[in-house]
>>> print(open('query08.txt').read())   # compact mmCIF, C-alpha atoms
# COMPACT_ATOMS: atom_id res chain seq x y z
CA MET A 1 21.21 28.22 -38.94
CA PRO A 2 18.00 27.67 -36.95
CA SER A 3 15.85 27.32 -40.04
CA LEU A 4 17.85 24.29 -41.22
CA VAL A 5 17.34 22.61 -37.83
CA LEU A 6 13.64 23.32 -38.07
CA LEU A 7 13.50 21.86 -41.55
CA LYS A 8 15.27 18.73 -40.31
CA GLU A 9 12.71 18.31 -37.52
CA MET A 10 9.88 18.83 -39.99
CA ILE A 11 11.18 16.08 -42.25
CA LYS A 12 11.62 13.81 -39.22
CA ALA A 13 8.03 14.47 -38.12
CA LEU A 14 6.77 13.36 -41.51
CA HIS A 15 7.50 9.69 -40.91
CA ARG A 16 6.72 9.41 -37.20
CA CYS A 17 3.57 10.55 -35.39
CA VAL A 18 4.12 12.80 -32.38
CA THR A 19 0.58 12.68 -31.04
CA THR A 20 -0.25 10.00 -28.48
CA ARG A 21 -3.33 7.86 -28.95
CA TYR A 22 -4.20 8.30 -25.28
CA PRO A 23 -7.94 7.72 -24.77
CA PHE A 24 -8.19 5.01 -27.43
CA GLY A 25 -4.76 3.45 -27.80
CA PRO A 26 -2.27 2.04 -25.30
CA PRO A 27 -2.24 3.36 -21.69
CA ALA A 28 -0.37 6.56 -20.99
CA THR A 29 3.35 6.38 -20.34
CA ILE A 30 4.22 7.33 -16.79
CA ILE A 31 7.78 8.16 -15.86
CA HIS A 32 9.24 6.42 -12.82
CA GLY A 33 8.56 8.36 -9.64
CA TYR A 34 5.36 10.00 -10.78
CA ARG A 35 3.28 11.15 -7.83
CA GLY A 36 -0.39 10.33 -8.22
CA GLN A 37 -3.30 9.34 -6.02
CA PRO A 38 -2.36 8.71 -2.36
CA GLU A 39 -3.18 5.30 -0.96
CA ILE A 40 -3.24 3.99 2.61
CA ASP A 41 -2.27 0.42 3.40
CA LYS A 42 -4.91 -0.43 6.02
CA GLU A 43 -2.89 -3.33 7.42
CA LYS A 44 0.19 -1.24 8.12
CA CYS A 45 -1.34 2.10 9.16
CA THR A 46 -1.20 2.64 12.92
CA GLY A 47 -2.97 5.98 12.99
CA CYS A 48 -0.11 7.87 14.60
CA GLY A 49 -0.84 11.05 12.62
CA ALA A 50 2.67 11.84 11.39
CA CYS A 51 1.33 12.30 7.85
CA ALA A 52 -1.27 14.81 9.02
CA GLN A 53 1.44 16.88 10.74
CA ALA A 54 3.74 16.86 7.72
CA CYS A 55 0.99 17.59 5.18
CA SER A 56 1.67 20.92 3.51
CA THR A 57 -1.88 21.67 2.42
CA GLU A 58 -3.93 20.11 5.25
CA ALA A 59 -5.19 17.48 2.82
CA ILE A 60 -4.67 14.80 5.46
CA ARG A 61 -6.79 15.35 8.54
CA ILE A 62 -7.28 13.38 11.70
CA LYS A 63 -10.84 13.13 12.92
CA GLN A 64 -10.94 11.98 16.50
CA GLY A 65 -14.08 10.05 17.29
CA GLU A 66 -15.28 8.37 20.49
CA ASP A 67 -13.25 5.18 20.10
CA ILE A 68 -12.31 5.40 16.43
CA ARG A 69 -9.76 7.68 14.79
CA THR A 70 -10.20 8.44 11.10
CA ILE A 71 -7.30 9.40 8.85
CA ASP A 72 -8.98 11.30 6.07
CA VAL A 73 -7.04 12.05 2.86
CA PHE A 74 -8.83 14.52 0.62
CA TYR A 75 -6.82 14.54 -2.56
CA GLY A 76 -8.80 17.43 -3.97
CA LYS A 77 -6.56 19.56 -1.75
CA CYS A 78 -3.41 17.45 -1.95
CA ALA A 79 -0.32 18.98 -3.54
CA PHE A 80 1.21 15.51 -4.22
CA CYS A 81 4.41 16.61 -2.47
CA GLN A 82 5.15 13.13 -0.99
CA ARG A 83 5.98 14.51 2.43
CA CYS A 84 3.51 12.08 4.03
CA GLU A 85 5.29 9.17 2.38
CA ASP A 86 8.63 10.44 3.65
CA VAL A 87 7.59 10.76 7.28
CA CYS A 88 5.40 7.65 7.61
CA PRO A 89 7.23 5.33 10.06
CA GLU A 90 5.40 2.22 8.80
CA ASP A 91 5.52 3.05 5.04
CA ALA A 92 1.75 2.76 5.09
CA ILE A 93 0.83 5.81 3.00
CA ARG A 94 2.08 5.81 -0.54
CA LEU A 95 1.58 7.88 -3.67
CA THR A 96 0.58 5.55 -6.49
CA GLU A 97 0.97 6.17 -10.20
CA ARG A 98 -2.77 6.54 -10.74
CA PHE A 99 -3.65 9.86 -12.35
CA GLU A 100 -7.20 9.47 -13.71
CA LEU A 101 -8.83 10.90 -10.60
CA ALA A 102 -11.60 13.04 -12.06
CA GLY A 103 -15.00 12.77 -10.39
CA TYR A 104 -18.44 14.29 -10.47
CA GLU A 105 -18.55 15.15 -6.78
CA ARG A 106 -16.16 16.91 -4.48
CA GLU A 107 -16.69 14.44 -1.68
CA SER A 108 -15.79 11.48 -3.89
CA LEU A 109 -12.13 12.55 -3.90
CA ARG A 110 -11.31 10.89 -0.60
CA VAL A 111 -9.30 8.02 0.83
CA ASP A 112 -10.15 7.04 4.38
CA ASN A 113 -8.77 4.73 7.02
CA GLU A 114 -10.28 4.02 10.41
CA VAL A 115 -8.16 2.98 13.37
CA LYS A 116 -9.48 1.63 16.64
CA MET A 117 -8.44 3.47 19.80
CA SER A 118 -7.52 1.71 23.02
CA LYS A 119 -9.04 2.60 26.37
CA CYS A 120 -7.17 3.25 29.60
CA ALA A 121 -7.72 0.43 32.08
CA ASN A 122 -7.80 2.87 35.00
CA CYS A 123 -9.74 5.99 33.93
CA GLY A 124 -11.51 4.71 30.81
CA HIS A 125 -10.38 7.49 28.47
CA THR A 126 -9.07 6.72 24.99
CA PHE A 127 -5.44 7.60 24.44
CA PHE A 128 -3.53 5.88 21.58
CA PRO A 129 -4.58 3.61 18.72
CA ASP A 130 -4.24 -0.11 19.43
CA LYS A 131 -1.86 -0.76 16.59
CA GLN A 132 0.47 2.08 17.58
CA ILE A 133 0.92 0.59 21.05
CA GLU A 134 1.66 -2.85 19.59
CA ILE A 135 4.25 -1.39 17.22
CA MET A 136 5.77 0.61 20.08
CA LYS A 137 6.17 -2.56 22.17
CA LYS A 138 7.79 -4.35 19.25
CA ARG A 139 10.21 -1.51 18.54
CA VAL A 140 11.25 -1.17 22.18
CA LEU A 141 11.92 -4.90 22.54
CA GLU A 142 13.91 -5.00 19.32
CA ASN A 143 16.27 -2.24 20.39
CA ILE A 144 16.84 -3.12 24.03
CA LYS A 145 19.82 -4.92 25.58
CA ALA A 146 19.42 -8.67 25.98
CA ASP A 147 20.09 -8.79 29.75
CA ILE A 148 17.17 -6.53 30.75
CA LYS A 149 14.78 -7.64 28.05
CA THR A 150 12.52 -9.90 30.17
CA GLU A 151 12.10 -7.30 32.91
CA VAL A 152 11.30 -4.52 30.42
CA GLN A 153 8.82 -6.78 28.67
CA SER A 154 6.88 -7.43 31.87
CA ASP A 155 6.86 -3.68 32.63
CA LEU A 156 5.67 -2.87 29.12
CA GLU A 157 2.76 -5.28 29.42
CA LYS A 158 1.77 -3.54 32.64
CA TYR A 159 1.88 0.12 31.66
CA SER A 160 0.86 -0.05 28.02
CA GLN A 161 -2.77 -0.47 29.06
CA TYR A 162 -2.87 2.86 30.91
CA CYS A 163 -3.06 6.37 29.54
CA VAL A 164 -0.21 8.85 30.00
CA ASN A 165 -1.57 10.45 33.17
CA CYS A 166 -2.47 7.18 34.85
CA ARG A 167 0.90 5.74 33.89
CA ARG A 168 2.62 8.54 35.78
CA ASN A 169 0.35 8.30 38.79
CA LEU A 170 0.53 4.52 39.10
CA SER A 171 4.19 4.04 38.21
CA PHE A 172 5.29 3.41 41.83
CA THR A 173 2.42 1.09 42.70
CA MET A 174 2.98 -0.93 39.52
CA ASP A 175 6.75 -0.92 40.07
CA THR A 176 7.40 0.37 36.57
CA HIS A 177 9.12 3.65 37.48
CA THR A 178 12.27 4.24 35.47
CA ARG A 179 14.13 5.16 38.66
CA LYS A 180 14.77 1.49 39.42
CA TRP A 181 17.17 1.32 36.50
CA TYR A 182 19.60 3.80 38.07
CA MET B 1 -30.02 12.26 -30.51
CA GLY B 2 -30.50 15.22 -32.80
CA LEU B 3 -27.94 16.80 -35.03
CA ILE B 4 -27.17 19.58 -32.56
CA ASP B 5 -26.64 17.11 -29.71
CA TRP B 6 -24.38 14.99 -31.87
CA ALA B 7 -22.36 18.03 -32.91
CA ARG B 8 -22.11 19.19 -29.31
CA LYS B 9 -20.85 15.83 -28.15
CA LYS B 10 -18.41 15.31 -30.97
CA SER B 11 -17.03 18.83 -30.93
CA PRO B 12 -17.19 20.54 -27.53
CA TRP B 13 -15.70 23.99 -27.67
CA ILE B 14 -13.93 25.07 -24.54
CA THR B 15 -13.24 28.36 -22.82
CA HIS B 16 -10.51 28.63 -20.27
CA ALA B 17 -11.01 30.94 -17.29
CA HIS B 18 -7.84 31.45 -15.33
CA CYS B 19 -8.69 32.65 -11.80
CA GLY B 20 -5.46 33.34 -9.98
CA GLY B 21 -2.98 30.71 -8.89
CA CYS B 22 0.43 29.71 -10.14
CA ASN B 23 -0.31 29.05 -13.85
CA GLY B 24 0.76 25.40 -13.57
CA CYS B 25 -2.63 24.05 -14.62
CA ASP B 26 -2.83 26.55 -17.47
CA ILE B 27 0.46 25.24 -18.84
CA GLU B 28 -0.92 21.69 -18.65
CA ILE B 29 -4.05 22.79 -20.53
CA ALA B 30 -1.80 24.36 -23.15
CA ALA B 31 0.09 21.06 -23.30
CA ALA B 32 -3.18 19.21 -23.81
CA LEU B 33 -3.93 21.49 -26.77
CA ALA B 34 -0.43 21.18 -28.23
CA PRO B 35 0.59 18.46 -30.78
CA ARG B 36 1.61 15.79 -28.25
CA PHE B 37 -1.83 15.39 -26.64
CA ASP B 38 -3.71 17.26 -29.34
CA ILE B 39 -7.32 17.41 -28.08
CA GLU B 40 -8.33 19.09 -31.32
CA ARG B 41 -8.30 15.58 -32.81
CA LEU B 42 -11.22 14.92 -30.45
CA GLY B 43 -13.01 17.99 -31.74
CA CYS B 44 -12.22 20.33 -28.86
CA LEU B 45 -11.44 23.86 -29.88
CA LEU B 46 -10.21 26.59 -27.58
CA LYS B 47 -12.43 29.62 -27.89
CA ASN B 48 -11.84 33.04 -26.42
CA ASN B 49 -15.51 33.87 -26.40
CA PRO B 50 -17.62 32.03 -23.81
CA ARG B 51 -20.76 32.64 -25.87
CA PHE B 52 -19.55 30.10 -28.44
CA SER B 53 -18.37 27.44 -26.02
CA ASP B 54 -19.90 24.40 -24.34
CA VAL B 55 -17.27 23.66 -21.72
CA LEU B 56 -15.92 26.18 -19.21
CA ILE B 57 -12.60 25.29 -17.63
CA ILE B 58 -11.71 26.98 -14.35
CA THR B 59 -8.24 26.94 -12.84
CA GLY B 60 -6.87 28.49 -9.70
CA PRO B 61 -8.33 29.69 -6.39
CA VAL B 62 -10.84 32.40 -7.12
CA PRO B 63 -9.62 35.76 -5.81
CA LYS B 64 -12.20 38.35 -4.82
CA HIS B 65 -11.36 40.65 -7.70
CA THR B 66 -11.91 37.95 -10.35
CA GLU B 67 -15.13 36.64 -8.80
CA PRO B 68 -17.45 39.02 -10.74
CA MET B 69 -15.60 38.27 -13.99
CA LEU B 70 -15.93 34.51 -13.44
CA LEU B 71 -19.64 34.91 -12.71
CA ARG B 72 -20.05 36.94 -15.87
CA ILE B 73 -18.21 34.36 -17.99
CA TYR B 74 -20.37 31.65 -16.42
CA GLN B 75 -23.56 33.52 -17.26
CA GLN B 76 -22.37 34.21 -20.81
CA THR B 77 -21.79 30.51 -21.52
CA PRO B 78 -24.95 29.16 -23.16
CA ASP B 79 -26.88 26.23 -21.68
CA PRO B 80 -26.28 23.29 -21.53
CA LYS B 81 -22.87 24.20 -20.22
CA ILE B 82 -20.32 22.02 -18.49
CA VAL B 83 -18.02 23.49 -15.90
CA MET B 84 -14.74 21.76 -15.09
CA ALA B 85 -12.62 22.67 -12.10
CA ILE B 86 -9.03 21.76 -12.91
CA GLY B 87 -6.29 21.55 -10.34
CA GLU B 88 -6.54 21.35 -6.60
CA CYS B 89 -6.83 25.13 -6.15
CA ALA B 90 -10.13 25.19 -8.01
CA ILE B 91 -11.36 22.17 -6.08
CA GLY B 92 -10.33 22.78 -2.50
CA GLY B 93 -8.32 25.99 -2.40
CA GLY B 94 -5.03 24.12 -2.34
CA ILE B 95 -2.05 25.77 -0.72
CA TYR B 96 -3.75 29.16 -0.79
CA VAL B 97 -6.55 28.34 1.65
CA GLU B 98 -5.93 27.14 5.16
CA GLU B 99 -8.66 26.28 7.58
CA GLY B 100 -8.76 28.57 10.58
CA TYR B 101 -7.01 31.40 8.75
CA GLU B 102 -9.12 33.73 6.69
CA ASN B 103 -7.53 35.03 3.52
CA TYR B 104 -8.72 38.53 2.75
CA ALA B 105 -7.97 38.24 -0.96
CA LEU B 106 -9.54 34.88 -1.79
CA VAL B 107 -13.01 33.48 -2.19
CA GLY B 108 -11.61 29.94 -2.26
CA GLN B 109 -12.72 26.99 -4.32
CA ALA B 110 -14.59 27.49 -7.58
CA ASP B 111 -17.82 25.81 -6.45
CA LYS B 112 -18.41 28.66 -4.00
CA VAL B 113 -19.00 30.90 -7.03
CA VAL B 114 -20.36 28.68 -9.81
CA LEU B 115 -21.81 25.17 -10.13
CA VAL B 116 -19.02 22.74 -10.98
CA ASP B 117 -19.80 19.48 -12.80
CA VAL B 118 -16.46 17.70 -13.02
CA TYR B 119 -13.50 17.92 -10.67
CA VAL B 120 -10.05 17.05 -11.99
CA PRO B 121 -7.57 16.83 -9.10
CA GLY B 122 -3.84 17.04 -9.56
CA CYS B 123 -1.20 19.62 -8.85
CA PRO B 124 -1.11 20.12 -11.79
CA PRO B 125 -3.06 17.29 -13.47
CA LYS B 126 -1.41 15.50 -16.38
CA PRO B 127 -2.75 16.39 -19.83
CA GLU B 128 -4.10 12.82 -19.97
CA ALA B 129 -6.01 13.47 -16.72
CA ILE B 130 -7.54 16.58 -18.30
CA ILE B 131 -8.62 14.51 -21.33
CA HIS B 132 -10.10 11.92 -18.96
CA GLY B 133 -12.00 14.66 -17.12
CA LEU B 134 -13.30 16.01 -20.41
CA ALA B 135 -14.51 12.53 -21.36
CA LEU B 136 -16.36 12.30 -18.04
CA ALA B 137 -17.82 15.75 -18.62
CA LEU B 138 -19.22 14.81 -22.02
CA GLN B 139 -21.06 11.86 -20.46
CA LYS B 140 -22.97 14.35 -18.35
CA LEU B 141 -24.29 16.32 -21.35
CA PRO B 142 -27.77 14.69 -21.71
CA GLU B 143 -28.50 15.18 -18.01
CA LYS B 144 -27.39 18.81 -18.21
CA LYS B 145 -29.58 19.35 -21.25
CA LEU B 146 -32.67 18.12 -19.38
CA LYS B 147 -31.85 20.44 -16.48
CA ALA B 148 -31.38 23.40 -18.81
CA LYS B 149 -34.75 22.67 -20.43
CA ALA B 150 -36.47 22.48 -17.05
CA SER B 151 -35.01 25.78 -15.92
CA ASN B 152 -35.98 27.58 -19.13
CA THR B 153 -39.69 26.79 -18.93
CA ARG B 154 -41.14 29.58 -16.86
>>> encode(input="query08.txt", output="structure tokens")
Amino acid sequence: MPSLVLLKEMIKALHRCVTTRYPFGPPATIIHGYRGQPEIDKEKCTGCGACAQACSTEAIRIKQGEDIRTIDVFYGKCAFCQRCEDVCPEDAIRLTERFELAGYERESLRVDNEVKMSKCANCGHTFFPDKQIEIMKKRVLENIKADIKTEVQSDLEKYSQYCVNCRRNLSFTMDTHTRKWY
Amino acid sequence: MGLIDWARKKSPWITHAHCGGCNGCDIEIAAALAPRFDIERLGCLLKNNPRFSDVLIITGPVPKHTEPMLLRIYQQTPDPKIVMAIGECAIGGGIYVEEGYENYALVGQADKVVLVDVYVPGCPPKPEAIIHGLALALQKLPEKKLKAKASNTR
């Protein structure tokens, strides 16, 4: 009997209000795991660009400047799919529970982060962001065996200031070639 | 504030123009009109005729075959009109538009065709976000009215 069920619901609705008081009353209820406005933690972000590669709608772009790299999140194009949060190695980008994102201008729907690039000591070209190199050093030293740690650390200090090409060219003169380990 | 301005602010009638896309935003607009988030308590009424309405809501990436219809609906809406682009497809093209690849069927974002006043991002936006966008839109009414007056004096 569907009509009886309907009648029951109608009687129930008489003594409790279904409508939310959203703009005037208490703040809106948000279920756990809601995906809202993306946010970049500027302390943690290294500027590696993993989020830009994983982004499904090209909302996250990398703008390569002279010595500054900008990670530009335009959430007017974002699908809120959380793939950037999944791939971020530093857990720097995060989808918050903010949903009131409306704005008068298209360009106001942006979240930016600028990362400083490091310069090669030999040729002077920029290659990786500063923070990414620091994190790389830390990760390598954490995961290496204890007996070769000091030697690897001295090598790391030497070649982390050169770009990829110079690193290859100068590896024998700097005595950092991996061949010495075999 | 005259009587007409007061009435316009307290009871904006809306027309919904669906321009392609996946219908997600349209369902959220329907949810905003339904009893849970009832925007009729704020005076908004969904109208099928753009000639009666104050607010034009656009959803979806605008395909080439709906572009003339959207333009016509825009021109039929009387001044001062407020245009809201809801959902990321209407704002930036969303998943349908990719830079470097030209889509033969799409115009792209809504502000390539009409002038958009308020952008409501979200994929789809919550009904609360739509209400928030509508509240922002109503704040823009006096400014829009001045503009409409200036354009009408020939």
>>> interface_residues(input="query08.txt", of="chain B", to="chain A", cutoff="6 Å", atoms="only C-alpha atoms", output="list of chain:residue names")
B:Pro35, B:Arg36, B:Phe37, B:Glu88, B:Ile91, B:Gly92, B:Gly94, B:Ile95, B:Asp117, B:Val118, B:Tyr119, B:Val120, B:Pro121, B:Cys123, B:Ala129, B:Gly133
>>> atom_distance(input="query08.txt", atom1="atom CA of A:His177", atom2="atom CA of A:Met117")
24.9 Å
>>> closest_residue(input="query08.txt", among="B:Asp111, B:Glu67, B:Glu99, B:Asp79", to="B:Cys19", atoms="only C-alpha atoms")
B:Glu67
>>> closest_residue(input="query08.txt", among="A:Pro2, A:Gly25, A:Gly33, A:Gly47", to="A:Asn113", atoms="only C-alpha atoms")
A:Gly47
>>> residues_near_point(input="query08.txt", point="(-21.2, 19.0, -20.3)", cutoff="12 Å", atoms="only C-alpha atoms", output="number ranges by chain")
A: 104; B: 5, 8-14, 53-57, 77-84, 115-118, 133-148
>>> closest_residue(input="query08.txt", among="B:Cys89, B:Ala17, B:Met69, B:Cys25", to="B:Asn48", atoms="only C-alpha atoms")
B:Ala17
>>> closest_residue(input="query08.txt", among="B:Ala30, B:Leu70, B:Leu42, B:Ile58", to="B:His16", atoms="only C-alpha atoms")
B:Ile58
>>> decode(input="query08.txt", residues="stretch 139-152 of chain B", atoms="N, CA and C atoms", output="PDB file, in the first residue's frame")
ATOM      1  N   GLN B 139      23.310  41.214  -4.860  1.00  0.00           N
ATOM      2  CA  GLN B 139      24.039  42.404  -4.433  1.00  0.00           C
ATOM      3  C   GLN B 139      24.471  43.257  -5.614  1.00  0.00           C
ATOM      4  N   LYS B 140      24.508  42.637  -6.799  1.00  0.00           N
ATOM      5  CA  LYS B 140      25.005  43.349  -7.969  1.00  0.00           C
ATOM      6  C   LYS B 140      23.882  44.092  -8.691  1.00  0.00           C
ATOM      7  N   LEU B 141      22.644  43.933  -8.216  1.00  0.00           N
ATOM      8  CA  LEU B 141      21.491  44.496  -8.931  1.00  0.00           C
ATOM      9  C   LEU B 141      21.550  46.013  -9.151  1.00  0.00           C
ATOM     10  N   PRO B 142      21.849  46.843  -8.118  1.00  0.00           N
ATOM     11  CA  PRO B 142      21.852  48.291  -8.336  1.00  0.00           C
ATOM     12  C   PRO B 142      22.824  48.738  -9.410  1.00  0.00           C
ATOM     13  N   GLU B 143      24.023  48.086  -9.375  1.00  0.00           N
ATOM     14  CA  GLU B 143      25.055  48.403 -10.376  1.00  0.00           C
ATOM     15  C   GLU B 143      24.574  48.056 -11.780  1.00  0.00           C
ATOM     16  N   LYS B 144      23.915  46.904 -11.890  1.00  0.00           N
ATOM     17  CA  LYS B 144      23.417  46.451 -13.194  1.00  0.00           C
ATOM     18  C   LYS B 144      22.328  47.390 -13.696  1.00  0.00           C
ATOM     19  N   LYS B 145      21.535  47.911 -12.741  1.00  0.00           N
ATOM     20  CA  LYS B 145      20.444  48.792 -13.126  1.00  0.00           C
ATOM     21  C   LYS B 145      20.993  50.081 -13.728  1.00  0.00           C
ATOM     22  N   LEU B 146      22.053  50.617 -13.101  1.00  0.00           N
ATOM     23  CA  LEU B 146      22.689  51.836 -13.619  1.00  0.00           C
ATOM     24  C   LEU B 146      23.221  51.608 -15.021  1.00  0.00           C
ATOM     25  N   LYS B 147      23.846  50.444 -15.214  1.00  0.00           N
ATOM     26  CA  LYS B 147      24.412  50.112 -16.529  1.00  0.00           C
ATOM     27  C   LYS B 147      23.314  50.026 -17.578  1.00  0.00           C
ATOM     28  N   ALA B 148      22.196  49.366 -17.197  1.00  0.00           N
ATOM     29  CA  ALA B 148      21.088  49.203 -18.133  1.00  0.00           C
ATOM     30  C   ALA B 148      20.513  50.559 -18.528  1.00  0.00           C
ATOM     31  N   LYS B 149      20.444  51.479 -17.534  1.00  0.00           N
ATOM     32  CA  LYS B 149      19.941  52.818 -17.812  1.00  0.00           C
ATOM     33  C   LYS B 149      20.857  53.535 -18.792  1.00  0.00           C
ATOM     34  N   ALA B 150      22.168  53.409 -18.556  1.00  0.00           N
ATOM     35  CA  ALA B 150      23.139  54.101 -19.407  1.00  0.00           C
ATOM     36  C   ALA B 150      23.078  53.600 -20.838  1.00  0.00           C
ATOM     37  N   SER B 151      22.847  52.289 -20.986  1.00  0.00           N
ATOM     38  CA  SER B 151      22.836  51.726 -22.341  1.00  0.00           C
ATOM     39  C   SER B 151      21.534  52.042 -23.074  1.00  0.00           C
ATOM     40  N   ASN B 152      20.462  52.337 -22.319  1.00  0.00           N
ATOM     41  CA  ASN B 152      19.190  52.598 -22.978  1.00  0.00           C
ATOM     42  C   ASN B 152      19.057  54.026 -23.504  1.00  0.00           C
TER      43      ASN B 152
END
